$ cat query31.cif   # mmCIF, C-alpha atoms
data_my_file
#
loop_
_atom_site.group_PDB
_atom_site.id
_atom_site.type_symbol
_atom_site.label_atom_id
_atom_site.label_comp_id
_atom_site.auth_asym_id
_atom_site.auth_seq_id
_atom_site.Cartn_x
_atom_site.Cartn_y
_atom_site.Cartn_z
ATOM 1 C CA MET A 17 0.000 0.000 0.000
ATOM 2 C CA LYS A 18 2.873 2.305 0.930
ATOM 3 C CA PHE A 19 4.292 1.715 -2.529
ATOM 4 C CA TYR A 20 1.099 2.777 -4.317
ATOM 5 C CA ILE A 21 0.619 5.840 -2.111
ATOM 6 C CA SER A 22 4.188 6.927 -2.839
ATOM 7 C CA LYS A 23 3.718 6.389 -6.575
ATOM 8 C CA LEU A 24 0.424 8.313 -6.473
ATOM 9 C CA LEU A 25 2.170 11.235 -4.782
ATOM 10 C CA GLN A 26 4.903 11.151 -7.421
ATOM 11 C CA LEU A 27 2.270 11.151 -10.180
ATOM 12 C CA ILE A 28 0.512 14.112 -8.571
ATOM 13 C CA GLY A 29 3.854 15.943 -8.486
ATOM 14 C CA ILE A 30 4.586 15.314 -12.150
ATOM 15 C CA THR A 31 1.009 16.211 -13.128
ATOM 16 C CA ASN A 32 1.369 19.485 -11.228
ATOM 17 C CA VAL A 33 4.407 20.396 -13.280
ATOM 18 C CA GLY A 34 2.565 19.387 -16.450
ATOM 19 C CA PHE A 35 -0.390 21.560 -15.484
ATOM 20 C CA GLY A 36 1.954 24.496 -14.975
ATOM 21 C CA LEU A 37 3.437 23.921 -18.422
ATOM 22 C CA ILE A 38 0.022 23.749 -20.071
ATOM 23 C CA TYR A 39 -0.929 26.970 -18.306
ATOM 24 C CA GLY A 40 2.248 28.585 -19.606
ATOM 25 C CA LEU A 41 1.490 27.465 -23.150
ATOM 26 C CA THR A 42 -2.053 28.783 -23.137
ATOM 27 C CA HIS A 43 -1.663 32.019 -21.183
ATOM 28 C CA GLU A 44 0.367 35.150 -21.657
ATOM 29 C CA GLY A 45 2.534 36.577 -18.918
ATOM 30 C CA GLY A 46 5.597 35.572 -16.933
ATOM 31 C CA LEU A 47 6.726 32.256 -15.557
ATOM 32 C CA ARG A 48 5.617 32.923 -11.983
ATOM 33 C CA PHE A 49 2.692 30.455 -12.033
ATOM 34 C CA GLU A 50 4.770 27.780 -13.752
ATOM 35 C CA LEU A 51 7.550 28.074 -11.187
ATOM 36 C CA LYS A 52 4.974 27.881 -8.386
ATOM 37 C CA MET A 53 3.574 24.678 -9.874
ATOM 38 C CA LEU A 54 7.118 23.348 -10.323
ATOM 39 C CA ILE A 55 7.935 23.888 -6.644
ATOM 40 C CA ILE A 56 4.642 22.383 -5.420
ATOM 41 C CA GLY A 57 5.012 19.462 -7.839
ATOM 42 C CA SER A 58 8.584 18.843 -6.758
ATOM 43 C CA ALA A 59 7.496 18.825 -3.103
ATOM 44 C CA PHE A 60 4.818 16.200 -3.844
ATOM 45 C CA PHE A 61 7.263 14.117 -5.871
ATOM 46 C CA LEU A 62 9.979 14.223 -3.216
ATOM 47 C CA LEU A 63 7.463 13.321 -0.505
ATOM 48 C CA GLY A 64 6.416 10.313 -2.578
ATOM 49 C CA ARG A 65 10.037 9.386 -3.149
ATOM 50 C CA PHE A 66 10.728 9.683 0.570
ATOM 51 C CA ILE A 67 7.771 7.454 1.492
ATOM 52 C CA GLU A 68 8.731 4.893 -1.156
ATOM 53 C CA GLY A 69 12.161 4.431 0.415
ATOM 54 C CA ARG A 70 14.846 2.182 -0.974
ATOM 55 C CA GLY A 71 14.826 -1.463 -1.913
ATOM 56 C CA ALA A 72 12.028 -3.779 -3.013
ATOM 57 C CA ALA A 73 8.470 -2.654 -2.359
ATOM 58 C CA MET B 1173 1.495 50.784 -23.502
ATOM 59 C CA ALA B 1174 0.416 47.682 -25.357
ATOM 60 C CA THR B 1175 2.625 45.545 -23.147
ATOM 61 C CA SER B 1176 1.202 46.910 -19.910
ATOM 62 C CA ALA B 1177 -2.331 46.456 -21.213
ATOM 63 C CA ALA B 1178 -1.482 42.883 -22.120
ATOM 64 C CA ALA B 1179 -0.011 42.284 -18.685
ATOM 65 C CA LYS B 1180 -3.139 43.667 -17.015
ATOM 66 C CA THR B 1181 -5.364 41.407 -19.107
ATOM 67 C CA ALA B 1182 -3.129 38.432 -18.335
ATOM 68 C CA GLN B 1183 -3.339 39.231 -14.653
ATOM 69 C CA ALA B 1184 -7.090 39.195 -14.915
ATOM 70 C CA GLY B 1185 -6.707 35.586 -16.129
ATOM 71 C CA LYS B 1186 -8.235 36.120 -19.562
ATOM 72 C CA ARG B 1187 -6.925 35.183 -22.961
ATOM 73 C CA ILE B 1188 -5.586 38.211 -24.796
ATOM 74 C CA GLU B 1189 -5.472 39.152 -28.442
ATOM 75 C CA VAL B 1190 -2.031 39.933 -29.747
ATOM 76 C CA SER B 1191 -1.965 42.127 -32.823
ATOM 77 C CA ILE B 1192 -0.261 40.463 -35.750
ATOM 78 C CA LYS B 1193 2.853 42.333 -36.807
ATOM 79 C CA LYS B 1194 4.191 41.880 -40.290
ATOM 80 C CA ALA B 1195 7.771 40.613 -40.348
ATOM 81 C CA VAL B 1196 10.094 43.199 -41.853
ATOM 82 C CA GLY B 1197 13.587 42.298 -40.663
ATOM 83 C CA PRO B 1198 15.380 38.977 -40.290
ATOM 84 C CA GLY B 1199 14.265 37.242 -37.119
ATOM 85 C CA ASP B 1200 10.989 39.180 -36.846
ATOM 86 C CA ASP B 1201 8.999 36.065 -37.610
ATOM 87 C CA LYS B 1202 10.869 33.952 -35.066
ATOM 88 C CA VAL B 1203 10.413 33.267 -31.349
ATOM 89 C CA HIS B 1204 12.896 32.174 -28.705
ATOM 90 C CA THR B 1205 13.491 28.484 -28.142
ATOM 91 C CA TRP B 1206 13.008 28.985 -24.412
ATOM 92 C CA PRO B 1207 10.255 28.998 -23.339
ATOM 93 C CA HIS B 1208 8.252 28.620 -26.550
ATOM 94 C CA LEU B 1209 9.687 25.300 -27.778
ATOM 95 C CA VAL B 1210 11.275 23.866 -24.624
ATOM 96 C CA ARG B 1211 8.016 24.272 -22.708
ATOM 97 C CA ALA B 1212 6.165 22.085 -25.232
ATOM 98 C CA GLU B 1213 8.982 19.541 -25.273
ATOM 99 C CA PHE B 1214 9.061 19.386 -21.496
ATOM 100 C CA LEU B 1215 5.304 18.908 -21.463
ATOM 101 C CA CYS B 1216 5.700 15.929 -23.812
ATOM 102 C CA ALA B 1217 8.369 14.502 -21.490
ATOM 103 C CA VAL B 1218 6.010 14.894 -18.529
ATOM 104 C CA LEU B 1219 3.160 13.145 -20.365
ATOM 105 C CA VAL B 1220 5.435 10.287 -21.437
ATOM 106 C CA MET B 1221 6.736 9.943 -17.875
ATOM 107 C CA ILE B 1222 3.202 9.756 -16.476
ATOM 108 C CA GLY B 1223 2.324 7.105 -19.038
ATOM 109 C CA MET B 1224 5.483 5.126 -18.248
ATOM 110 C CA ILE B 1225 4.843 5.218 -14.489
ATOM 111 C CA ILE B 1226 1.261 3.985 -14.906
ATOM 112 C CA TRP B 1227 2.437 1.338 -17.369
ATOM 113 C CA ALA B 1228 5.236 0.197 -15.055
ATOM 114 C CA LEU B 1229 2.819 -0.039 -12.137
ATOM 115 C CA MET B 1230 0.454 -2.257 -14.118
ATOM 116 C CA LEU B 1231 2.989 -4.521 -15.831
ATOM 117 C CA ASP B 1232 5.735 -6.643 -14.287
ATOM 118 C CA ALA B 1233 9.152 -6.652 -15.969
ATOM 119 C CA PRO B 1234 9.843 -10.002 -17.677
ATOM 120 C CA LEU B 1235 12.804 -10.784 -15.450
ATOM 121 C CA GLU B 1236 14.092 -14.327 -15.260
ATOM 122 C CA GLU B 1237 15.636 -16.131 -12.306
ATOM 123 C CA PRO B 1238 19.172 -15.154 -11.192
ATOM 124 C CA ALA B 1239 21.903 -16.275 -13.576
ATOM 125 C CA ASN B 1240 23.123 -19.815 -13.044
ATOM 126 C CA PRO B 1241 26.566 -20.640 -14.514
ATOM 127 C CA SER B 1242 25.776 -24.360 -14.550
ATOM 128 C CA ARG B 1243 22.667 -23.836 -16.668
ATOM 129 C CA THR B 1244 23.341 -21.262 -19.377
ATOM 130 C CA PRO B 1245 20.531 -20.312 -21.752
ATOM 131 C CA ASN B 1246 20.587 -21.334 -25.385
ATOM 132 C CA PRO B 1247 20.430 -19.111 -27.384
ATOM 133 C CA SER B 1248 22.357 -16.640 -25.261
ATOM 134 C CA LYS B 1249 21.148 -13.296 -26.539
ATOM 135 C CA ALA B 1250 22.210 -9.722 -25.922
ATOM 136 C CA PRO B 1251 19.537 -7.111 -25.078
ATOM 137 C CA TRP B 1252 17.336 -6.511 -28.113
ATOM 138 C CA TYR B 1253 19.046 -3.239 -29.063
ATOM 139 C CA PHE B 1254 22.416 -5.029 -29.337
ATOM 140 C CA LEU B 1255 21.095 -7.986 -31.321
ATOM 141 C CA GLY B 1256 21.980 -6.212 -34.581
ATOM 142 C CA LEU B 1257 25.608 -6.204 -33.468
ATOM 143 C CA GLN B 1258 25.388 -9.802 -32.314
ATOM 144 C CA GLU B 1259 23.886 -10.777 -35.658
ATOM 145 C CA MET B 1260 26.802 -9.098 -37.463
ATOM 146 C CA LEU B 1261 29.185 -11.482 -35.651
ATOM 147 C CA VAL B 1262 27.857 -14.212 -37.935
ATOM 148 C CA PHE B 1263 29.404 -12.441 -40.907
ATOM 149 C CA PHE B 1264 32.445 -10.601 -39.560
ATOM 150 C CA ASP B 1265 35.326 -10.996 -37.152
ATOM 151 C CA PRO B 1266 34.666 -9.519 -33.689
ATOM 152 C CA TRP B 1267 37.141 -6.670 -34.277
ATOM 153 C CA HIS B 1268 35.256 -5.671 -37.426
ATOM 154 C CA ALA B 1269 31.659 -6.255 -36.259
ATOM 155 C CA GLY B 1270 32.237 -4.950 -32.750
ATOM 156 C CA VAL B 1271 34.753 -2.133 -33.191
ATOM 157 C CA VAL B 1272 35.262 -0.970 -36.786
ATOM 158 C CA LEU B 1273 31.674 -0.998 -38.031
ATOM 159 C CA PRO B 1274 30.158 0.665 -34.906
ATOM 160 C CA SER B 1275 32.934 3.288 -35.128
ATOM 161 C CA PHE B 1276 31.987 3.932 -38.750
ATOM 162 C CA ILE B 1277 28.364 4.361 -37.688
ATOM 163 C CA ILE B 1278 29.307 6.937 -35.046
ATOM 164 C CA ILE B 1279 31.766 8.758 -37.337
ATOM 165 C CA GLY B 1280 29.197 8.693 -40.156
ATOM 166 C CA LEU B 1281 26.521 10.248 -37.947
ATOM 167 C CA MET B 1282 28.997 12.884 -36.767
ATOM 168 C CA VAL B 1283 30.030 13.948 -40.273
ATOM 169 C CA ILE B 1284 26.487 14.238 -41.670
ATOM 170 C CA PRO B 1285 26.279 18.024 -40.975
ATOM 171 C CA TYR B 1286 29.614 18.529 -42.761
ATOM 172 C CA ILE B 1287 29.053 16.365 -45.855
ATOM 173 C CA ASP B 1288 25.410 17.319 -46.405
ATOM 174 C CA ILE B 1289 25.400 20.581 -48.347
ATOM 175 C CA ASN B 1290 21.783 20.352 -49.450
ATOM 176 C CA PRO B 1291 20.057 23.305 -47.727
ATOM 177 C CA LYS B 1292 16.571 22.062 -48.557
ATOM 178 C CA GLY B 1293 14.357 20.563 -45.893
ATOM 179 C CA ASN B 1294 15.357 22.973 -43.143
ATOM 180 C CA GLY B 1295 12.291 23.632 -41.008
ATOM 181 C CA TYR B 1296 9.912 21.596 -43.129
ATOM 182 C CA TYR B 1297 9.483 17.990 -44.182
ATOM 183 C CA THR B 1298 10.232 16.981 -47.729
ATOM 184 C CA PHE B 1299 11.124 13.770 -49.506
ATOM 185 C CA ARG B 1300 11.433 15.067 -53.069
ATOM 186 C CA ASP B 1301 14.142 17.619 -52.245
ATOM 187 C CA ARG B 1302 16.160 15.228 -50.094
ATOM 188 C CA LYS B 1303 15.495 11.928 -51.833
ATOM 189 C CA TRP B 1304 19.055 10.544 -51.821
ATOM 190 C CA GLU B 1305 19.832 11.719 -48.301
ATOM 191 C CA ILE B 1306 16.690 10.072 -46.922
ATOM 192 C CA LEU B 1307 17.181 6.880 -48.964
ATOM 193 C CA THR B 1308 20.753 6.563 -47.677
ATOM 194 C CA PHE B 1309 19.466 6.948 -44.123
ATOM 195 C CA ILE B 1310 16.774 4.316 -44.732
ATOM 196 C CA PHE B 1311 19.439 1.974 -46.140
ATOM 197 C CA GLY B 1312 21.750 2.515 -43.168
ATOM 198 C CA PHE B 1313 19.179 2.513 -40.391
ATOM 199 C CA HIS B 1314 16.304 0.326 -41.487
ATOM 200 C CA ILE B 1315 18.148 -2.260 -43.576
ATOM 201 C CA LEU B 1316 21.532 -2.433 -41.860
ATOM 202 C CA TRP B 1317 20.362 -1.883 -38.287
ATOM 203 C CA VAL B 1318 16.643 -2.487 -37.637
ATOM 204 C CA SER B 1319 16.359 -5.525 -39.911
ATOM 205 C CA LEU B 1320 19.367 -7.128 -38.182
ATOM 206 C CA ILE B 1321 17.715 -6.558 -34.794
ATOM 207 C CA ILE B 1322 14.512 -8.183 -36.095
ATOM 208 C CA ILE B 1323 16.506 -11.146 -37.453
ATOM 209 C CA GLY B 1324 18.487 -11.499 -34.232
ATOM 210 C CA THR B 1325 15.378 -11.289 -32.065
ATOM 211 C CA LEU B 1326 12.895 -13.384 -33.994
ATOM 212 C CA LEU B 1327 14.781 -15.648 -36.390
ATOM 213 C CA ARG B 1328 17.811 -16.790 -34.407
ATOM 214 C CA GLY B 1329 17.216 -19.744 -32.106
ATOM 215 C CA PRO B 1330 19.382 -22.260 -30.217
ATOM 216 C CA GLY B 1331 22.950 -22.427 -31.466
ATOM 217 C CA TRP B 1332 22.267 -19.115 -33.209
ATOM 218 C CA ASN B 1333 20.785 -21.174 -36.033
ATOM 219 C CA TRP B 1334 18.272 -19.641 -38.399
ATOM 220 C CA PHE B 1335 14.693 -20.624 -37.525
ATOM 221 C CA TRP B 1336 11.714 -19.449 -39.536
ATOM 222 C CA PRO B 1337 8.705 -18.350 -37.458
ATOM 223 C CA TRP B 1338 6.864 -21.597 -38.238
ATOM 224 C CA GLU B 1339 9.819 -23.787 -37.172
ATOM 225 C CA LYS B 1340 10.253 -25.161 -33.652
ATOM 226 C CA TRP B 1341 13.330 -23.937 -31.758
ATOM 227 C CA ASP B 1342 15.040 -27.320 -31.522
ATOM 228 C CA PRO B 1343 18.128 -27.111 -29.239
ATOM 229 C CA HIS B 1344 19.513 -30.345 -30.751
ATOM 230 C CA ARG B 1345 19.512 -29.073 -34.312
ATOM 231 C CA VAL B 1346 22.984 -29.223 -35.833
ATOM 232 C CA GLU B 1347 23.797 -27.393 -39.017
ATOM 233 C CA ALA B 1348 26.785 -28.404 -41.106
ATOM 234 C CA LEU B 1349 29.376 -25.618 -41.251
ATOM 235 C CA THR B 1350 30.032 -25.772 -44.953
ATOM 236 C CA SER B 1351 30.961 -22.129 -45.533
ATOM 237 C CA VAL B 1352 34.161 -21.480 -47.490
ATOM 238 C CA ASN B 1353 36.242 -18.442 -48.324
ATOM 239 C CA LEU B 1354 35.737 -16.749 -51.683
ATOM 240 C CA PRO B 1355 39.280 -17.472 -53.002
ATOM 241 C CA TYR B 1356 38.784 -21.156 -52.108
ATOM 242 C CA LEU B 1357 35.498 -21.220 -53.968
ATOM 243 C CA LEU B 1358 37.268 -19.781 -57.006
ATOM 244 C CA GLY B 1359 39.874 -22.551 -56.961
ATOM 245 C CA LEU B 1360 42.775 -21.042 -55.000
ATOM 246 C CA ARG B 1361 44.256 -23.466 -52.470
ATOM 247 C CA ASP B 1362 47.419 -21.646 -51.406
ATOM 248 C CA TYR B 1363 47.070 -19.568 -48.194
ATOM 249 C CA PHE B 1364 49.394 -16.781 -49.311
ATOM 250 C CA TRP B 1365 47.903 -16.278 -52.766
ATOM 251 C CA SER B 1366 44.393 -16.598 -51.363
ATOM 252 C CA ALA B 1367 45.140 -13.739 -48.986
ATOM 253 C CA VAL B 1368 46.685 -11.646 -51.783
ATOM 254 C CA PHE B 1369 43.744 -12.325 -54.080
ATOM 255 C CA GLY B 1370 41.243 -11.459 -51.341
ATOM 256 C CA GLY B 1371 43.121 -8.241 -50.496
ATOM 257 C CA VAL B 1372 43.171 -7.213 -54.150
ATOM 258 C CA LEU B 1373 39.426 -7.859 -54.384
ATOM 259 C CA VAL B 1374 38.767 -5.607 -51.382
ATOM 260 C CA VAL B 1375 40.956 -2.810 -52.801
ATOM 261 C CA VAL B 1376 39.372 -3.150 -56.255
ATOM 262 C CA PHE B 1377 35.901 -2.943 -54.690
ATOM 263 C CA PHE B 1378 36.720 0.373 -53.039
ATOM 264 C CA VAL B 1379 38.576 1.866 -56.039
ATOM 265 C CA VAL B 1380 35.976 0.854 -58.624
ATOM 266 C CA GLY B 1381 33.169 1.759 -56.219
ATOM 267 C CA THR B 1382 34.590 5.254 -55.663
ATOM 268 C CA ILE B 1383 35.024 5.877 -59.411
ATOM 269 C CA ALA B 1384 31.514 4.553 -60.117
ATOM 270 C CA MET B 1385 30.035 6.729 -57.389
ATOM 271 C CA TYR B 1386 31.885 9.766 -58.741
ATOM 272 C CA TRP B 1387 30.328 9.386 -62.187
ATOM 273 C CA TRP B 1388 26.971 8.471 -60.680
ATOM 274 C CA VAL B 1389 26.869 11.684 -58.652
ATOM 275 C CA ILE B 1390 27.881 13.726 -61.716
ATOM 276 C CA TRP B 1391 25.185 12.039 -63.810
ATOM 277 C CA LEU B 1392 22.635 12.564 -61.054
ATOM 278 C CA LYS B 1393 23.427 16.060 -59.816
ATOM 279 C CA GLY B 1394 25.727 17.582 -62.443
ATOM 280 C CA ARG B 1395 29.390 18.614 -62.490
ATOM 281 C CA GLU B 1396 28.605 21.939 -60.819
ATOM 282 C CA PHE B 1397 27.313 20.092 -57.749
ATOM 283 C CA MET B 1398 30.472 17.976 -57.558
ATOM 284 C CA VAL B 1399 32.657 21.121 -57.639
ATOM 285 C CA ARG B 1400 30.580 22.662 -54.855
ATOM 286 C CA TRP B 1401 30.608 19.437 -52.841
ATOM 287 C CA GLY B 1402 34.385 19.148 -53.002
ATOM 288 C CA MET B 1403 36.668 16.122 -53.168
ATOM 289 C CA THR B 1404 37.062 15.728 -49.368
ATOM 290 C CA ARG B 1405 33.320 15.593 -48.755
ATOM 291 C CA PHE B 1406 32.848 13.235 -51.696
ATOM 292 C CA MET B 1407 35.622 10.854 -50.588
ATOM 293 C CA ILE B 1408 34.306 10.628 -47.012
ATOM 294 C CA THR B 1409 30.750 10.040 -48.240
ATOM 295 C CA SER B 1410 31.883 7.520 -50.816
ATOM 296 C CA PHE B 1411 34.044 5.589 -48.311
ATOM 297 C CA LEU B 1412 31.229 5.372 -45.770
ATOM 298 C CA PHE B 1413 28.601 4.504 -48.384
ATOM 299 C CA LEU B 1414 30.792 1.776 -49.916
ATOM 300 C CA ASN B 1415 31.303 0.315 -46.450
ATOM 301 C CA MET B 1416 27.542 0.181 -45.973
ATOM 302 C CA LEU B 1417 27.193 -1.511 -49.339
ATOM 303 C CA ALA B 1418 30.034 -3.933 -48.532
ATOM 304 C CA VAL B 1419 28.314 -5.043 -45.318
ATOM 305 C CA LEU B 1420 25.143 -5.849 -47.256
ATOM 306 C CA ILE B 1421 27.063 -7.612 -50.039
ATOM 307 C CA LYS B 1422 28.992 -9.744 -47.570
ATOM 308 C CA MET B 1423 25.848 -10.728 -45.685
ATOM 309 C CA LEU B 1424 24.092 -11.681 -48.917
ATOM 310 C CA MET B 1425 27.144 -13.698 -50.052
ATOM 311 C CA ARG B 1426 27.008 -15.663 -46.800
ATOM 312 C CA HIS B 1427 23.275 -16.272 -46.997
ATOM 313 C CA MET B 1428 23.151 -17.105 -50.702
ATOM 314 C CA PHE B 1429 26.508 -18.767 -51.464
ATOM 315 C CA ASN B 1430 27.808 -19.768 -48.016
ATOM 316 C CA ILE B 1431 30.894 -17.599 -48.438
ATOM 317 C CA LYS B 1432 32.667 -16.956 -45.142
ATOM 318 C CA ASN B 1433 35.400 -14.414 -45.865
ATOM 319 C CA ILE B 1434 36.639 -12.529 -48.888
ATOM 320 C CA MET B 1435 40.134 -12.081 -47.544
ATOM 321 C CA GLU B 1436 41.566 -14.363 -44.882
ATOM 322 C CA THR B 1437 44.926 -13.923 -43.184
ATOM 323 C CA PRO B 1438 46.275 -15.204 -39.855
ATOM 324 C CA TRP B 1439 45.740 -11.695 -38.445
ATOM 325 C CA ILE B 1440 42.611 -10.179 -39.918
ATOM 326 C CA ASN B 1441 39.711 -11.471 -41.966
ATOM 327 C CA ILE B 1442 37.406 -9.388 -44.091
#
$ encode --input "query31.cif" --output "structure tokens"
Amino acid sequence: MKFYISKLLQLIGITNVGFGLIYGLTHEGGLRFELKMLIIGSAFFLLGRFIEGRGAA
Amino acid sequence: MATSAAAKTAQAGKRIEVSIKKAVGPGDDKVHTWPHLVRAEFLCAVLVMIGMIIWALMLDAPLEEPANPSRTPNPSKAPWYFLGLQEMLVFFDPWHAGVVLPSFIIIGLMVIPYIDINPKGNGYYTFRDRKWEILTFIFGFHILWVSLIIIGTLLRGPGWNWFWPWEKWDPHRVEALTSVNLPYLLGLRDYFWSAVFGGVLVVVFFVVGTIAMYWWVIWLKGREFMVRWGMTRFMITSFLFLNMLAVLIKMLMRHMFNIKNIMETPWINI
């Protein structure tokens, strides 16, 4: 279960970054929102990676 | 003024209309790679990564049991992407199949920007304007690389014998090794003269091939093109192309006439 939760968190993180990129493609303006999404996404991903741990699931 | 109005609209979270400006100077109709292109590429990478994670979660890797030295698999195959190289070992010495030919591939890919002087096809897709360039790539990649991987993966069974898809992979099948060298097939029995004859054949292939390619290019593209292309570019292209052709010829000679080597010496075989 821990494995799937960690993978889900990692997916949420990557999706966050993707959402930021789509927003950047479809909206004018600076990169502020994209960077925000990047930081939040990275936090989710790293949390998932931390929970996953090392070794076999 | 226009910029601040655009920024205000963007802040309000609405799509804005950007007035179309006619390009007057060089570069006016271009945008920066970052973020306009890299953003889209990164988005593709993110989508692929999401797909790969979901795929990897749903599908187990086809891993076998830990390697056992007392029970080695037959056939013993490299990873699929190296099976083209492994297949080439049937036809060439390891130094040639494993070192020389891969080096030629890498060198050939590196020199493409220097030997290709055809400016057409930049920024758009075309076959008609780059027919010979694309056909050479198809010959090198699809015939000399991908097809060998397909053969190595699907048609080579136990003992690295050739098995058609409808044949059973019989580990006890023994095939007679009846291949002979080309000089032997032509009646030469002396080792020294066989080696000399084979060496002369290899040299003649490259000399005649280069001359033939020279006239072919002139007939195809005109003398003016050859002057523009230059002798250095032509010689490099010709050498690499003739090597590609030689690989195919040697493989066909083995498959069709059971010929092992063209030149055989105690040191190197070609």
$ residues_around --input "query31.cif" --residues "range 44-58 of chain A" --least-positions-apart "4" --cutoff "7 Å" --atoms "all atoms listed in the file" --output "compact mmCIF listing (two decimals) with C-alpha atoms, in the coordinates of the input"
# COMPACT_ATOMS: atom_id res chain seq x y z
CA GLY A 29 3.85 15.94 -8.49
CA ILE A 30 4.59 15.31 -12.15
CA ASN A 32 1.37 19.48 -11.23
CA VAL A 33 4.41 20.40 -13.28
CA GLY A 36 1.95 24.50 -14.98
CA LEU A 37 3.44 23.92 -18.42
CA GLY A 40 2.25 28.58 -19.61
CA LEU A 62 9.98 14.22 -3.22
CA ALA B 1179 -0.01 42.28 -18.68
CA ALA B 1182 -3.13 38.43 -18.34
$ closest_residue --input "query31.cif" --among "B:Gly1223, B:Lys1292, B:Leu1229, B:Val1218" --to "Ile21 in chain A" --atoms "only C-alpha atoms"
B:Leu1229
$ atom_distance --input "query31.cif" --atom1 "CA of Val1271 in chain B" --atom2 "CA of Thr1350 in chain B"
26.8 Å
$ atom_distance --input "query31.cif" --atom1 "CA of Gly1312 in chain B" --atom2 "CA of Phe1413 in chain B"
8.8 Å
$ atom_distance --input "query31.cif" --atom1 "CA of Val1283 in chain B" --atom2 "CA of Val1375 in chain B"
23.6 Å
$ closest_residue --input "query31.cif" --among "B:Phe1309, B:Met1282, B:Leu1417, B:Ala1348" --to "Thr1382 in chain B" --atoms "all atoms listed in the file"
B:Leu1417
$ closest_residue --input "query31.cif" --among "B:Val1220, B:Leu1231, B:Leu1215, B:Val1203" --to "chain A" --atoms "only C-alpha atoms"
B:Leu1215
$ resolve_selection --input "query31.cif" --expression "the PyMOL selection byres ((chain B and resi 1440) around 12)" --output "list in words"
Phe1264, Asp1265, Pro1266, Trp1267, His1268, Ala1367, Gly1370, Gly1371, Asn1433, Ile1434, Met1435, Glu1436, Thr1437, Pro1438, Trp1439, Asn1441 and Ile1442 of chain B
$ resolve_selection --input "query31.cif" --expression "the PyMOL selection byres ((chain A and resi 66) around 12)" --output "list in words"
Lys18, Phe19, Ile21, Ser22, Lys23, Leu25, Gln26, Ser58, Ala59, Phe60, Phe61, Leu62, Leu63, Gly64, Arg65, Ile67, Glu68, Gly69 and Arg70 of chain A
$ closest_residue --input "query31.cif" --among "B:Ile1222, B:Leu1412, B:Met1398, B:Leu1255" --to "Leu24 in chain A" --atoms "all atoms listed in the file"
B:Ile1222
$ closest_residue --input "query31.cif" --among "B:Gly1329, B:Arg1361, B:Val1374, B:Lys1303" --to "Leu1392 in chain B" --atoms "all atoms listed in the file"
B:Lys1303
